[in-house]
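K.L.:
Below is a structure I'd like to ask you about.
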Amino acid sequence: DVSVNADEPMHTLTLEDMAALCVRALSKAGATQTVAEAVARSITHAERDGSTSHGFFRLSGFIASLQSGKVSGHAVPRLSRLGTSVLLCDAQNAPAPHALELAIPELIEITRECGVAALVMRNSAHFAALWPEVEMLADAGLVALACTTYLPAVVPFGAREKLFGTNPLAFAWPRAGKAPMVFDMATSARALGDVQIAAREGHRLEPGVGLTAAGDPTCDPNEVLAGCLLPFGGYKGAALSLMIELIAGALLGQKTSASTAESDNRDGGPPPRGELILAFDPEILSGGEWQAEAERLFGRLENQPGLRLPGARRHQNRASVTEVRVDPALLGAIRAYCES
Ligand code: NDP
């Protein structure tokens with residue numbers, strides 16, 4: 001059992017040590033070296049960038065799902081074409097970071113041929129941030145958009161029942177000689193991971209994040225976990241979340257979040273499901289005239305005092321962070337699991 005509930009001061013760990021510990025724990029839970037390294041990269045890179053809701057904290061969920069068999073640590077994702085510009089990756093219940101590392105290079109090639117291409121990801125266990133996949137595409141000079149469903153955690157605007165996942169949406173725009181402009185956000189008012197961390201650390205949430213099981217507004221993260229999250233931006237965020245249910249679920253021949261819950265074993269890890277990634281080659285779509293106009297807009301934005309571009313915090317962290325703070329109880333539990 002690697003679940004924890006403690007409020008001791010944090011420990012620090014170098015990124016290398018964290019990656020090695022993740023590989024050790026995931027291998028013990030049944031992952032091959034390749035799968036373990038892909039998940040470890042995803043976790044360590046999230047920590048390095050300051051995205052703690054999808055960092056080390058997620059390791060215990062992966063371990064639980066590898067142990068229960070919900071997630072496969074040795075699956076070989078299968079790539080095939082559904083059409084000239086549509087790549088299918090059936091991840092075979094592998095963790096998403098592993099399937100994505102296999103599929104994205106081929107998606108890049110297809111997008112450069114076709115101008116616009118889609119990756120239809122099926123049966124991939126996504127438990128991470130989405131920026132790595134859109135950044136991989138932006139690093140190849142492409143514009144990218146990705147979204148996935150989850151388990152129901154969000155009550156649609158005007159409803160009383162949790163029917164939507166936290167349904168993240170990520171977008172990346174390449175910039176010559178600079179880090180890409182990337183946004184990556186849950187369509188819930190807060191990512192579920194943030195609420196779980198707030199509950200563990202004893203912090204209150206801001207108003208507007210969630211409701212109690214009885215449907216009353218609350219700032220207590222434990223009450224939100226027992227109740228539900230709200231969509232960001234009221235009915236507008238709910239509409240985006242609904243779109244993601246449809247285009248990352250039904251459109252790909254996959255379940256929506258509410259249906260995923262019906263067959264989930266509730267082991268705390270990620271249920272395999274769909275992800276849609278769209279990629280655009282701006283050279284082809286614009287006729288070669290895309291960078292200057294985009295940079296004019298970025299210049300106007302960057303001239304606004306107090307404004308920062310989405311992704312800037314993460315890219316700044318990336319340039320300087322070599323070690324990260326880790327919950328000591330979680331660290332102890334993972335180390336004990338490795339030695340058990
Ligand atoms: P945040 O609310 O922290 O940030 C959302 C976006 O807004 C980021 O791109 C962030 O950039 C940007 N941003 C934040 N503050 C500002 C600001 N002041 N000015 C301009 N831009 C800003 O993210 P969420 O909590 O909504 O999501 C966290 C993660 O959860 C995401 O990575 C998402 O993919 C993941 N997730 C994964 C799920 C899954 O099933 N796998 C489910 C749900 C969420 P920056 O990073 O630079 O701060």
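Ligands are numbered from 1 in the order shown, chains are lettered A, B, ... in the order of the structure tokens, and residues start at 1 in each chain.
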Counting only C-alpha atoms and all ligand atoms, what are the residues, protein, DNA or RNA alike, that approach ligand 1 to within 8 Å? I want them as a PyMOL selection string.
P.N.:
chain A and resi 49-51+53-54+126-131+148-150+165-170+182-194+270+307-315
K.L.:
Nearest to A:Asp267: which of A:Asn303, A:Ser68, A:Thr14, A:Asn93 is it, counting only C-alpha atoms?
P.N.:
A:Ser68
K.L.:
Please report, as a ChimeraX atom specification, each residue of stretch 5-168 of chain A to which DSSP assigns strand (DSSP E or B) when run on this structure's backbone.
P.N.:
/A:11-14,78-83,86-90,95,116-125,143-148,154,164
K.L.:
By how many Å are atom CA of A:Cys219 and atom CA of A:Leu331 apart?
P.N.:
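Atom-to-atom, atom CA of A:Cys219 and atom CA of A:Leu331 are spaced 27.8 Å apart.
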K.L.:
Using only C-alpha atoms for the distances, tell me which of A:Pro217, A:Pro231, A:Gly287, A:Pro95 is nearest to A:Arg273.
P.N.:
A:Pro95
K.L.:
Residues at most 8 Å from stretch 112-117 of chain A, counting only C-alpha atoms, excluding those fewer than 6 positions away in the same chain, as a ChimeraX atom specification?
P.N.:
/A:84-87,278-282,284-285
K.L.:
Could you save the residues just selected, with C-alpha atoms, as a PDB file, in the first residue's frame?
P.N.:
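Produced file result_17.pdb, reproduced below:
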```
ATOM      1  CA  THR A  84      -4.111   9.346 -45.291  1.00  0.00           C
ATOM      2  CA  SER A  85      -3.919  11.881 -42.476  1.00  0.00           C
ATOM      3  CA  VAL A  86      -5.226   9.882 -39.519  1.00  0.00           C
ATOM      4  CA  LEU A  87      -2.885   7.825 -37.370  1.00  0.00           C
ATOM      5  CA  LEU A 278      -4.636  17.404 -33.895  1.00  0.00           C
ATOM      6  CA  ALA A 279      -1.501  18.719 -35.573  1.00  0.00           C
ATOM      7  CA  PHE A 280      -1.132  21.476 -38.174  1.00  0.00           C
ATOM      8  CA  ASP A 281       1.886  22.350 -40.300  1.00  0.00           C
ATOM      9  CA  PRO A 282       1.870  26.165 -40.325  1.00  0.00           C
ATOM     10  CA  ILE A 284       1.653  24.481 -45.434  1.00  0.00           C
ATOM     11  CA  LEU A 285      -1.490  26.113 -44.026  1.00  0.00           C
TER      12      LEU A 285
END
```
K.L.:
Write down as a ChimeraX atom specification the residues belonging to stretch 79-246 of chain A that are assigned alpha helix (DSSP H) by DSSP computed on the backbone.
P.N.:
/A:96-114,131-139,192-201,221-226,234-246
K.L.:
Out of A:Pro9, A:Leu246, A:Leu15, A:Glu262, which residue has the shortest atom-to-atom distance to A:Thr322 when counting only C-alpha atoms?
P.N.:
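Result for the nearest residue to A:Thr322: A:Leu15.
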